[in-house]
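Below is the file my_file_18.cif, which contains mmCIF, C-alpha atoms, pLDDT in the B column; chains and numbers go by the auth columns.
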data_upload
loop_
_atom_site.group_PDB
_atom_site.id
_atom_site.type_symbol
_atom_site.label_atom_id
_atom_site.label_comp_id
_atom_site.label_asym_id
_atom_site.label_seq_id
_atom_site.Cartn_x
_atom_site.Cartn_y
_atom_site.Cartn_z
_atom_site.B_iso_or_equiv
_atom_site.auth_seq_id
_atom_site.auth_asym_id
ATOM 1 C CA MET A 1 47.436 20.956 178.430 46.00 188 S
ATOM 2 C CA ALA A 2 50.451 19.619 176.570 46.00 189 S
ATOM 3 C CA ARG A 3 51.047 15.950 175.857 42.00 190 S
ATOM 4 C CA PHE A 4 54.327 14.396 174.803 40.00 191 S
ATOM 5 C CA CYS A 5 55.277 10.846 173.862 42.00 192 S
ATOM 6 C CA ALA A 6 58.930 9.921 173.527 41.00 193 S
ATOM 7 C CA GLN A 7 59.430 6.979 171.221 36.00 194 S
ATOM 8 C CA ARG A 8 61.206 7.928 168.026 31.00 195 S
ATOM 9 C CA GLY A 9 58.425 10.297 167.010 32.00 196 S
ATOM 10 C CA LEU A 10 55.486 7.899 167.297 32.00 197 S
ATOM 11 C CA ARG A 11 52.023 9.312 167.916 33.00 198 S
ATOM 12 C CA LYS A 12 50.517 8.863 171.384 35.00 199 S
ATOM 13 C CA GLU A 13 48.115 6.142 170.284 33.00 200 S
ATOM 14 C CA GLU A 14 51.056 4.159 168.881 35.00 201 S
ATOM 15 C CA THR A 15 53.038 4.334 172.105 38.00 202 S
ATOM 16 C CA LYS A 16 52.286 1.438 174.411 42.00 203 S
ATOM 17 C CA MET A 17 53.539 0.803 177.910 44.00 204 S
ATOM 18 C CA LYS A 18 55.195 -2.479 178.675 43.00 205 S
ATOM 19 C CA PRO A 19 53.710 -3.665 181.992 42.00 206 S
ATOM 20 C CA LEU A 20 55.875 -6.143 183.814 42.00 207 S
ATOM 21 C CA ALA A 21 52.991 -7.816 185.657 38.00 208 S
ATOM 22 C CA ALA A 22 54.698 -10.194 188.045 39.00 209 S
ATOM 23 C CA LEU A 23 57.746 -10.830 185.896 41.00 210 S
ATOM 24 C CA VAL A 24 60.740 -8.539 186.053 41.00 211 S
ATOM 25 C CA CYS A 25 63.841 -9.087 183.941 38.00 212 S
ATOM 26 C CA PHE A 26 67.342 -8.183 185.022 37.00 213 S
ATOM 27 C CA SER A 27 70.202 -9.033 182.673 34.00 214 S
ATOM 28 C CA GLY A 28 67.980 -11.474 180.814 34.00 215 S
ATOM 29 C CA VAL A 29 66.795 -13.315 183.939 35.00 216 S
ATOM 30 C CA ALA A 30 63.061 -13.274 184.710 37.00 217 S
ATOM 31 C CA LEU A 31 62.135 -12.981 188.372 43.00 218 S
ATOM 32 C CA PHE A 32 58.733 -13.534 189.960 42.00 219 S
ATOM 33 C CA VAL A 33 58.206 -10.925 192.648 48.00 220 S
ATOM 34 C CA PRO A 34 55.489 -11.806 195.177 48.00 221 S
ATOM 35 C CA SER A 35 54.500 -9.473 197.998 48.00 222 S
ATOM 36 C CA HIS A 36 54.226 -12.346 200.438 46.00 223 S
ATOM 37 C CA SER A 37 56.130 -15.594 200.647 42.00 224 S
ATOM 38 C CA PRO A 38 53.953 -18.701 200.126 36.00 225 S
ATOM 39 C CA GLN A 39 53.186 -20.670 203.259 35.00 226 S
ATOM 40 C CA GLY A 40 56.013 -23.001 204.153 32.00 227 S
ATOM 41 C CA SER A 41 58.414 -21.537 201.611 30.00 228 S
ATOM 42 C CA THR A 42 61.844 -20.075 202.221 32.00 229 S
ATOM 43 C CA GLU A 43 62.054 -16.305 201.950 38.00 230 S
ATOM 44 C CA THR A 44 63.700 -15.335 198.654 39.00 231 S
ATOM 45 C CA LYS A 45 66.079 -12.424 198.176 46.00 232 S
ATOM 46 C CA TRP A 46 67.721 -11.321 194.944 54.00 233 S
ATOM 47 C CA GLN A 47 71.211 -9.956 194.776 67.00 234 S
ATOM 48 C CA ARG A 48 71.362 -6.162 194.583 93.00 235 S
ATOM 49 C CA THR A 49 67.590 -5.699 194.569 96.00 236 S
ATOM 50 C CA ILE A 50 65.571 -3.905 197.246 97.00 237 S
ATOM 51 C CA LEU A 51 61.839 -4.690 197.174 97.00 238 S
ATOM 52 C CA VAL A 52 59.449 -1.884 198.157 98.00 239 S
ATOM 53 C CA ASP A 53 55.854 -2.690 199.071 97.00 240 S
ATOM 54 C CA PRO A 54 53.152 -0.550 200.749 96.00 241 S
ATOM 55 C CA ASP A 55 52.377 -3.489 203.074 97.00 242 S
ATOM 56 C CA HIS A 56 55.942 -3.690 204.359 97.00 243 S
ATOM 57 C CA GLY A 57 55.918 -4.824 207.965 96.00 244 S
ATOM 58 C CA VAL A 58 52.795 -6.959 207.618 96.00 245 S
ATOM 59 C CA PRO A 59 53.505 -10.548 208.748 96.00 246 S
ATOM 60 C CA GLY A 60 54.538 -12.654 205.763 94.00 247 S
ATOM 61 C CA ASN A 61 55.488 -9.679 203.602 95.00 248 S
ATOM 62 C CA ILE A 62 59.033 -10.185 202.293 94.00 249 S
ATOM 63 C CA SER A 63 59.671 -6.608 201.164 96.00 250 S
ATOM 64 C CA ASP A 64 62.674 -4.618 202.365 96.00 251 S
ATOM 65 C CA ALA A 65 61.013 -1.201 202.693 98.00 252 S
ATOM 66 C CA GLY A 66 57.618 0.479 202.684 98.00 253 S
ATOM 67 C CA THR A 67 58.569 3.653 200.806 98.00 254 S
ATOM 68 C CA ILE A 68 60.788 4.360 197.824 98.00 255 S
ATOM 69 C CA LYS A 69 62.832 6.797 199.899 98.00 256 S
ATOM 70 C CA ASP A 70 63.508 4.049 202.437 98.00 257 S
ATOM 71 C CA GLY A 71 64.331 1.666 199.590 98.00 258 S
ATOM 72 C CA ILE A 72 67.039 4.021 198.322 98.00 259 S
ATOM 73 C CA GLN A 73 68.406 4.378 201.844 98.00 260 S
ATOM 74 C CA ALA A 74 68.480 0.587 202.190 97.00 261 S
ATOM 75 C CA VAL A 75 70.684 0.401 199.091 97.00 262 S
ATOM 76 C CA LEU A 76 73.050 3.031 200.486 97.00 263 S
ATOM 77 C CA ASN A 77 73.242 1.111 203.760 97.00 264 S
ATOM 78 C CA ARG A 78 73.934 -2.252 202.117 95.00 265 S
ATOM 79 C CA ARG A 79 76.182 -1.713 199.147 94.00 266 S
ATOM 80 C CA THR A 80 79.906 -1.821 199.701 91.00 267 S
ATOM 81 C CA ASN A 81 80.839 0.780 197.081 92.00 268 S
ATOM 82 C CA ALA A 82 79.112 3.210 194.731 92.00 269 S
ATOM 83 C CA THR A 83 80.112 1.281 191.594 93.00 270 S
ATOM 84 C CA GLU A 84 77.668 -1.536 192.429 94.00 271 S
ATOM 85 C CA SER A 85 74.457 -1.393 190.388 95.00 272 S
ATOM 86 C CA TRP A 86 71.301 -1.808 192.482 97.00 273 S
ATOM 87 C CA THR A 87 67.580 -1.812 191.716 97.00 274 S
ATOM 88 C CA VAL A 88 64.811 -0.461 193.928 98.00 275 S
ATOM 89 C CA LEU A 89 61.906 -2.621 192.751 97.00 276 S
ATOM 90 C CA VAL A 90 58.493 -1.066 193.443 98.00 277 S
ATOM 91 C CA ASN A 91 55.455 -3.284 193.980 97.00 278 S
ATOM 92 C CA PRO A 92 51.945 -2.031 193.052 97.00 279 S
ATOM 93 C CA GLY A 93 50.422 0.643 195.250 97.00 280 S
ATOM 94 C CA GLU A 94 50.056 4.404 195.604 98.00 281 S
ATOM 95 C CA TYR A 95 53.053 5.982 197.298 98.00 282 S
ATOM 96 C CA THR A 96 51.895 9.374 198.585 98.00 283 S
ATOM 97 C CA ILE A 97 54.405 12.093 199.434 97.00 284 S
ATOM 98 C CA ASP A 98 52.733 14.825 201.478 96.00 285 S
ATOM 99 C CA ASP A 99 55.854 16.250 203.120 96.00 286 S
ATOM 100 C CA SER A 100 59.128 17.460 201.624 95.00 287 S
ATOM 101 C CA GLU A 101 60.982 15.309 204.171 95.00 288 S
ATOM 102 C CA ASP A 102 59.618 12.228 202.397 95.00 289 S
ATOM 103 C CA ALA A 103 60.731 13.308 198.911 97.00 290 S
ATOM 104 C CA ILE A 104 62.341 10.724 196.609 98.00 291 S
ATOM 105 C CA HIS A 105 65.900 11.830 195.923 98.00 292 S
ATOM 106 C CA LEU A 106 68.691 10.069 194.060 98.00 293 S
ATOM 107 C CA ASP A 107 71.366 12.335 195.483 97.00 294 S
ATOM 108 C CA ASP A 108 75.099 12.658 194.864 96.00 295 S
ATOM 109 C CA ARG A 109 75.680 9.303 196.612 96.00 296 S
ATOM 110 C CA SER A 110 73.056 7.451 194.577 97.00 297 S
ATOM 111 C CA GLU A 111 74.647 6.770 191.217 97.00 298 S
ATOM 112 C CA ASN A 112 74.107 3.267 189.785 97.00 299 S
ATOM 113 C CA ILE A 113 70.662 2.982 191.397 97.00 300 S
ATOM 114 C CA SER A 114 67.530 2.354 189.323 97.00 301 S
ATOM 115 C CA ILE A 115 63.919 2.745 190.461 98.00 302 S
ATOM 116 C CA VAL A 116 61.719 0.236 188.623 98.00 303 S
ATOM 117 C CA GLY A 117 57.992 -0.319 189.033 97.00 304 S
ATOM 118 C CA VAL A 118 56.306 -3.647 188.382 96.00 305 S
ATOM 119 C CA ASN A 119 53.654 -1.934 186.221 94.00 306 S
ATOM 120 C CA PRO A 120 53.341 1.775 185.338 96.00 307 S
ATOM 121 C CA GLU A 121 49.562 1.762 185.757 95.00 308 S
ATOM 122 C CA SER A 122 49.612 0.290 189.257 97.00 309 S
ATOM 123 C CA CYS A 123 52.852 1.711 190.706 98.00 310 S
ATOM 124 C CA ILE A 124 51.942 5.321 191.431 98.00 311 S
ATOM 125 C CA ILE A 125 54.011 8.071 193.026 98.00 312 S
ATOM 126 C CA HIS A 126 51.570 10.802 194.086 98.00 313 S
ATOM 127 C CA VAL A 127 53.192 13.983 195.386 98.00 314 S
ATOM 128 C CA THR A 128 50.785 16.301 197.203 97.00 315 S
ATOM 129 C CA ALA A 129 53.500 18.412 198.875 97.00 316 S
ATOM 130 C CA SER A 130 53.829 21.781 197.136 96.00 317 S
ATOM 131 C CA GLY A 131 57.053 22.441 195.250 96.00 318 S
ATOM 132 C CA VAL A 132 58.273 18.854 195.558 97.00 319 S
ATOM 133 C CA PRO A 133 59.122 16.890 192.392 98.00 320 S
ATOM 134 C CA GLY A 134 58.110 13.283 191.914 98.00 321 S
ATOM 135 C CA ILE A 135 61.749 12.200 191.763 98.00 322 S
ATOM 136 C CA LYS A 136 64.848 14.387 192.027 98.00 323 S
ATOM 137 C CA ILE A 137 68.258 13.365 190.679 98.00 324 S
ATOM 138 C CA THR A 138 71.331 15.322 191.798 98.00 325 S
ATOM 139 C CA SER A 139 74.781 14.708 190.334 97.00 326 S
ATOM 140 C CA GLY A 140 77.981 14.338 192.325 96.00 327 S
ATOM 141 C CA GLN A 141 81.574 13.685 191.300 96.00 328 S
ATOM 142 C CA GLU A 142 80.719 10.645 189.170 96.00 329 S
ATOM 143 C CA SER A 143 81.296 10.804 185.405 95.00 330 S
ATOM 144 C CA LEU A 144 78.099 8.809 184.696 96.00 331 S
ATOM 145 C CA ARG A 145 75.013 8.607 186.890 97.00 332 S
ATOM 146 C CA ASN A 146 73.697 5.304 185.534 97.00 333 S
ATOM 147 C CA ASN A 147 70.269 6.034 187.029 98.00 334 S
ATOM 148 C CA ALA A 148 67.121 4.621 185.435 98.00 335 S
ATOM 149 C CA ILE A 149 63.473 5.405 186.200 98.00 336 S
ATOM 150 C CA ARG A 150 61.137 2.805 184.681 98.00 337 S
ATOM 151 C CA ASN A 151 57.538 1.602 184.757 98.00 338 S
ATOM 152 C CA LEU A 152 56.076 4.208 187.106 98.00 339 S
ATOM 153 C CA THR A 153 53.232 6.695 187.161 98.00 340 S
ATOM 154 C CA ILE A 154 54.335 10.007 188.669 98.00 341 S
ATOM 155 C CA LYS A 155 51.774 12.680 189.595 98.00 342 S
ATOM 156 C CA THR A 156 52.539 16.014 191.240 98.00 343 S
ATOM 157 C CA THR A 157 50.286 18.690 192.710 96.00 344 S
ATOM 158 C CA ASN A 158 52.749 21.558 192.305 96.00 345 S
ATOM 159 C CA GLY A 159 56.100 20.240 191.168 97.00 346 S
ATOM 160 C CA HIS A 160 58.102 18.868 188.277 97.00 347 S
ATOM 161 C CA GLY A 161 57.602 15.190 187.524 98.00 348 S
ATOM 162 C CA ILE A 162 61.316 14.359 187.429 98.00 349 S
ATOM 163 C CA GLU A 163 63.904 17.043 188.186 98.00 350 S
ATOM 164 C CA ILE A 164 67.564 16.556 187.253 98.00 351 S
ATOM 165 C CA VAL A 165 70.068 19.005 188.702 97.00 352 S
ATOM 166 C CA LYS A 166 73.816 19.470 188.803 97.00 353 S
ATOM 167 C CA GLY A 167 74.933 19.251 192.403 96.00 354 S
ATOM 168 C CA GLN A 168 77.092 21.931 193.969 94.00 355 S
ATOM 169 C CA GLY A 169 80.636 21.173 192.853 94.00 356 S
ATOM 170 C CA GLY A 170 79.346 18.138 190.959 95.00 357 S
ATOM 171 C CA ASN A 171 79.746 17.067 187.356 97.00 358 S
ATOM 172 C CA THR A 172 77.191 17.483 184.595 97.00 359 S
ATOM 173 C CA PRO A 173 74.516 14.774 185.023 98.00 360 S
ATOM 174 C CA LYS A 174 74.939 12.090 182.350 97.00 361 S
ATOM 175 C CA GLY A 175 73.767 8.531 181.819 97.00 362 S
ATOM 176 C CA ILE A 176 70.120 8.833 182.903 98.00 363 S
ATOM 177 C CA THR A 177 67.272 6.783 181.390 98.00 364 S
ATOM 178 C CA ILE A 178 63.541 7.423 181.845 98.00 365 S
ATOM 179 C CA ALA A 179 61.390 4.755 180.214 98.00 366 S
ATOM 180 C CA ASP A 180 57.834 3.402 180.193 98.00 367 S
ATOM 181 C CA CYS A 181 56.558 6.061 182.590 98.00 368 S
ATOM 182 C CA ILE A 182 53.357 8.085 182.822 98.00 369 S
ATOM 183 C CA ILE A 183 54.210 11.549 184.163 98.00 370 S
ATOM 184 C CA GLU A 184 51.601 14.166 185.076 97.00 371 S
ATOM 185 C CA ALA A 185 53.128 17.432 186.302 97.00 372 S
ATOM 186 C CA ASN A 186 50.786 20.053 187.735 95.00 373 S
ATOM 187 C CA GLY A 187 51.504 23.598 188.844 94.00 374 S
ATOM 188 C CA ASN A 188 52.374 26.853 187.130 93.00 375 S
ATOM 189 C CA GLY A 189 55.541 26.425 185.075 93.00 376 S
ATOM 190 C CA LYS A 190 56.028 22.803 186.114 95.00 377 S
ATOM 191 C CA VAL A 191 57.116 20.253 183.517 96.00 378 S
ATOM 192 C CA GLY A 192 57.183 16.485 183.286 97.00 379 S
ATOM 193 C CA ILE A 193 60.969 16.235 183.041 97.00 380 S
ATOM 194 C CA LEU A 194 63.237 19.156 183.940 97.00 381 S
ATOM 195 C CA LYS A 195 66.659 18.240 182.567 95.00 382 S
ATOM 196 C CA GLY A 196 68.553 21.396 183.524 92.00 383 S
ATOM 197 C CA GLU A 197 72.214 20.951 182.587 94.00 384 S
ATOM 198 C CA ALA A 198 71.900 17.191 182.126 97.00 385 S
ATOM 199 C CA GLN A 199 73.273 15.708 178.919 96.00 386 S
ATOM 200 C CA GLY A 200 72.181 12.651 176.974 92.00 387 S
ATOM 201 C CA VAL A 201 69.043 11.907 178.990 97.00 388 S
ATOM 202 C CA ARG A 202 67.285 8.991 177.296 97.00 389 S
ATOM 203 C CA ILE A 203 63.487 9.258 177.328 97.00 390 S
ATOM 204 C CA GLN A 204 61.675 6.279 175.837 97.00 391 S
ATOM 205 C CA ASP A 205 58.041 5.130 175.682 96.00 392 S
ATOM 206 C CA CYS A 206 56.774 7.780 178.112 97.00 393 S
ATOM 207 C CA LEU A 207 53.495 9.674 178.265 97.00 394 S
ATOM 208 C CA ILE A 208 54.112 13.137 179.719 96.00 395 S
ATOM 209 C CA VAL A 209 51.283 15.518 180.597 92.00 396 S
ATOM 210 C CA ASN A 210 52.014 19.105 181.656 84.00 397 S
ATOM 211 C CA GLU A 211 49.274 21.308 183.082 66.00 398 S
#
This structure in structure tokens:
Amino acid sequence: MARFCAQRGLRKEETKMKPLAALVCFSGVALFVPSHSPQGSTETKWQRTILVDPDHGVPGNISDAGTIKDGIQAVLNRRTNATESWTVLVNPGEYTIDDSEDAIHLDDRSENISIVGVNPESCIIHVTASGVPGIKITSGQESLRNNAIRNLTIKTTNGHGIEIVKGQGGNTPKGITIADCIIEANGNGKVGILKGEAQGVRIQDCLIVNE
């Protein structure tokens, strides 16, 4: 079993995650992200943020989607052009993917979208479908992807943790950040992060475990 920590060469015991608890910062602004709106309060929405929560649909829950896949689709449905930067904010819970149809994919339309968990120890993507990565990123015609994956635990049964590929006819994937994640990739030949032809992928403060 191989272990890897990416933080300027620090040993594993020196690498610490940075849990966000209930505070999430975007451009220097701290936001409190509740799952449910307090009684009598006005529902709060934040510009260019989609909130994902496993209890989506429960009365009082103010989330926008119940799965990360649906959160990405909500961004694609709402934004007016691909240059807008959006965040799919993931509330605590275990998000199980047991079918390839439910795979999390930042495809060639999904540049400038980040997937950010509230806390890497409590926001868990668990892929039980064979051959399916935790998150797949596919480049399109953009010069920079500007995708970020932060504060998540990603576990696979038989798949890469994060797989980055050059789309058919697309440009080389660039501008991708993976930070403060715990990635456990299981399966013969599977790795925590498969970069392929990607260039300049920034990996920071991650614990990566390959079978």
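We find atom CA of Gly387 of chain S and atom CA of Gly362 of chain S to be spaced 6.6 Å apart.
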Contacts of Ile349 of chain S within 8 Å, all atoms listed in the file, excl. fewer than 6 positions in-chain, as a tab-separated table (two decimals) with C-alpha atoms, in the frame of the given file:
chain	number	residue	atom	x	y	z
S	320	PRO	CA	59.12	16.89	192.39
S	321	GLY	CA	58.11	13.28	191.91
S	322	ILE	CA	61.75	12.20	191.76
S	323	LYS	CA	64.85	14.39	192.03
S	324	ILE	CA	68.26	13.36	190.68
S	379	GLY	CA	57.18	16.48	183.29
S	380	ILE	CA	60.97	16.24	183.04
S	381	LEU	CA	63.24	19.16	183.94
I'd like the residues picked by the PyMOL selection byres ((chain S and resi 251) around 8) written out as a PDB file with C-alpha atoms, keeping the file's coordinate frame, using the chain letters and numbers from the file.
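Saved result, selection_34.pdb, follows:
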ATOM      1  CA  ILE S 237      65.571  -3.905 197.246  1.00 97.00           C
ATOM      2  CA  LEU S 238      61.839  -4.690 197.174  1.00 97.00           C
ATOM      3  CA  VAL S 239      59.449  -1.884 198.157  1.00 98.00           C
ATOM      4  CA  ASP S 240      55.854  -2.690 199.071  1.00 97.00           C
ATOM      5  CA  HIS S 243      55.942  -3.690 204.359  1.00 97.00           C
ATOM      6  CA  ILE S 249      59.033 -10.185 202.293  1.00 94.00           C
ATOM      7  CA  SER S 250      59.671  -6.608 201.164  1.00 96.00           C
ATOM      8  CA  ALA S 252      61.013  -1.201 202.693  1.00 98.00           C
ATOM      9  CA  GLY S 253      57.618   0.479 202.684  1.00 98.00           C
ATOM     10  CA  GLY S 258      64.331   1.666 199.590  1.00 98.00           C
ATOM     11  CA  ALA S 261      68.480   0.587 202.190  1.00 97.00           C
TER      12      ALA S 261
END
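Reported to one decimal place, the separation of atom CA of Arg266 of chain S from atom CA of His313 of chain S is 28.1 Å.
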Practice task
Kindly indicate which residue among S:Thr325, S:Asn358, S:Asn338, S:Thr254 lies nearest to Cys310 of chain S, using only C-alpha atoms for the distances.
Solution key: S:Asn338
Problem - atom CA of Asp285 of chain S to atom CA of Lys342 of chain S, distance in Å rounded to a single decimal - result: 12.1 Å
Completion exercise
Min atom-atom distance to Gly374 of chain S from the set S:His347, S:Arg265, S:Lys361, S:Arg235, counting all atoms listed in the file, belongs to S:His347
Exercise for the section: Check which residues satisfy the PyMOL selection byres ((chain S and resi 318) around 12) in the file shown, then give them as a PyMOL selection string. Expected result: chain S and resi 284-287+290+314-317+319-323+343-348+350+372-378
Exercise for the section: Would you mind telling me which residue in S:Ala269, S:Val352, S:Leu263, S:Ile390 lies nearest to Glu298 of chain S when using all atoms listed in the file? Expected result: S:Ala269
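Nearest residue to Ser326 of chain S, choosing from S:Gly357, S:Pro279, S:Gly304, S:Gly383 and counting only C-alpha atoms: S:Gly357.
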Any chance you could model N, CA and C atoms for segment 320-337 of chain S and send them as a CSV table (one decimal), in the coordinates of the input?
chain,number,residue,atom,x,y,z
S,320,PRO,N,59.2,17.7,193.6
S,320,PRO,CA,59.1,16.9,192.4
S,320,PRO,C,58.8,15.4,192.7
S,321,GLY,N,58.4,14.7,191.7
S,321,GLY,CA,58.1,13.3,191.9
S,321,GLY,C,59.4,12.5,192.3
S,322,ILE,N,60.4,12.8,191.5
S,322,ILE,CA,61.7,12.2,191.8
S,322,ILE,C,62.8,13.3,191.4
S,323,LYS,N,63.8,13.4,192.3
S,323,LYS,CA,64.8,14.4,192.0
S,323,LYS,C,66.2,13.6,191.9
S,324,ILE,N,66.9,14.0,190.9
S,324,ILE,CA,68.3,13.4,190.7
S,324,ILE,C,69.3,14.5,190.7
S,325,THR,N,70.3,14.3,191.6
S,325,THR,CA,71.3,15.3,191.8
S,325,THR,C,72.7,14.7,191.6
S,326,SER,N,73.5,15.3,190.7
S,326,SER,CA,74.8,14.7,190.3
S,326,SER,C,75.8,15.0,191.4
S,327,GLY,N,76.8,14.1,191.4
S,327,GLY,CA,78.0,14.3,192.3
S,327,GLY,C,79.3,14.4,191.5
S,328,GLN,N,80.3,13.7,192.0
S,328,GLN,CA,81.6,13.7,191.3
S,328,GLN,C,81.7,12.6,190.2
S,329,GLU,N,80.7,11.7,190.1
S,329,GLU,CA,80.7,10.6,189.2
S,329,GLU,C,80.7,11.2,187.7
S,330,SER,N,81.3,10.4,186.8
S,330,SER,CA,81.3,10.8,185.4
S,330,SER,C,80.0,10.4,184.7
S,331,LEU,N,79.4,9.3,185.2
S,331,LEU,CA,78.1,8.8,184.7
S,331,LEU,C,77.2,8.5,185.9
S,332,ARG,N,75.9,8.9,185.8
S,332,ARG,CA,75.0,8.6,186.9
S,332,ARG,C,74.6,7.1,186.9
S,333,ASN,N,74.3,6.7,185.7
S,333,ASN,CA,73.7,5.3,185.5
S,333,ASN,C,72.5,5.1,186.4
S,334,ASN,N,71.6,6.1,186.4
S,334,ASN,CA,70.3,6.0,187.0
S,334,ASN,C,69.2,5.7,186.0
S,335,ALA,N,68.3,4.9,186.3
S,335,ALA,CA,67.1,4.6,185.4
S,335,ALA,C,65.8,4.7,186.2
S,336,ILE,N,64.8,5.3,185.6
S,336,ILE,CA,63.5,5.4,186.2
S,336,ILE,C,62.6,4.7,185.2
S,337,ARG,N,61.9,3.6,185.6
S,337,ARG,CA,61.1,2.8,184.7
S,337,ARG,C,59.8,2.4,185.3
